[in-house]
Amino acid sequence: MISLEAFKDSLFEFIEFKCEPFDVDFIYRQCIQLVDKHQIYEVLH
């Protein structure tokens, strides 16, 4: 499983230039590694 810091860096890089609105479910579906939705919430919090 990916470390929280590595996931945070990847997530911020992914959403940095997103123009359209998105939610946690969208991010979850785009992940190529198994990630818990709670990790997404934790990083975005």
# chains A, B, ... in the order shown; residues from 1 in each chain; ligands from 1
$ select_by_dssp --residues "chain A" --states "helix (DSSP H, G or I)" --output "PyMOL selection string"
chain A and resi 4-15+24-30+37-44
$ atom_distance --atom1 "CA of Glu20 in chain A" --atom2 "CA of Leu4 in chain A"
25.1 Å
$ residues_around --residues "Leu34 in chain A" --least-positions-apart "6" --cutoff "12 Å" --atoms "only C-alpha atoms" --output "list of chain:residue names"
A:Met1, A:Ile2, A:Ser3, A:Phe7, A:Ile27, A:Tyr28, A:Ile40
$ closest_residue --among "A:Lys8, A:Lys18, A:Asp23, A:Glu13" --to "Glu42 in chain A" --atoms "only C-alpha atoms"
A:Lys8
$ residues_around --residues "Val43 in chain A" --least-positions-apart "4" --cutoff "12 Å" --atoms "only C-alpha atoms" --output "compact mmCIF listing (two decimals) with N, CA and C atoms, in the first residue's frame"
# COMPACT_ATOMS: atom_id res chain seq x y z
N SER A 3 2.36 4.94 0.80
CA SER A 3 2.43 5.74 2.03
C SER A 3 1.52 6.95 1.90
N LEU A 4 1.10 7.48 3.02
CA LEU A 4 0.18 8.61 3.02
C LEU A 4 0.83 9.84 2.38
N GLU A 5 2.11 10.07 2.62
CA GLU A 5 2.80 11.22 2.03
C GLU A 5 2.90 11.09 0.51
N ALA A 6 3.24 9.90 0.04
CA ALA A 6 3.33 9.67 -1.41
C ALA A 6 1.95 9.83 -2.05
N PHE A 7 0.93 9.30 -1.37
CA PHE A 7 -0.44 9.44 -1.88
C PHE A 7 -0.85 10.90 -1.92
N LYS A 8 -0.52 11.64 -0.88
CA LYS A 8 -0.85 13.06 -0.81
C LYS A 8 -0.21 13.82 -1.98
N ASP A 9 1.06 13.57 -2.23
CA ASP A 9 1.76 14.22 -3.35
C ASP A 9 1.09 13.88 -4.68
N SER A 10 0.79 12.61 -4.88
CA SER A 10 0.15 12.18 -6.13
C SER A 10 -1.23 12.78 -6.29
N LEU A 11 -1.97 12.81 -5.21
CA LEU A 11 -3.33 13.34 -5.26
C LEU A 11 -3.33 14.83 -5.58
N PHE A 12 -2.46 15.59 -4.94
CA PHE A 12 -2.39 17.02 -5.21
C PHE A 12 -1.94 17.28 -6.65
N VAL A 24 -14.89 12.87 -3.88
CA VAL A 24 -14.06 11.76 -3.42
C VAL A 24 -14.33 10.50 -4.24
N ILE A 27 -12.32 10.68 -7.44
CA ILE A 27 -10.90 10.42 -7.16
C ILE A 27 -10.68 8.93 -6.91
N VAL A 35 -6.84 2.01 -2.66
CA VAL A 35 -6.79 3.09 -1.68
C VAL A 35 -8.12 3.12 -0.95
N ASP A 36 -8.07 3.32 0.33
CA ASP A 36 -9.27 3.45 1.14
C ASP A 36 -9.83 4.86 0.98
N LYS A 37 -11.13 4.99 0.84
CA LYS A 37 -11.74 6.33 0.70
C LYS A 37 -11.41 7.23 1.87
N HIS A 38 -11.22 6.64 3.03
CA HIS A 38 -10.88 7.44 4.21
C HIS A 38 -9.52 8.12 4.05
N GLN A 39 -8.61 7.49 3.32
CA GLN A 39 -7.32 8.12 3.05
C GLN A 39 -7.50 9.37 2.20
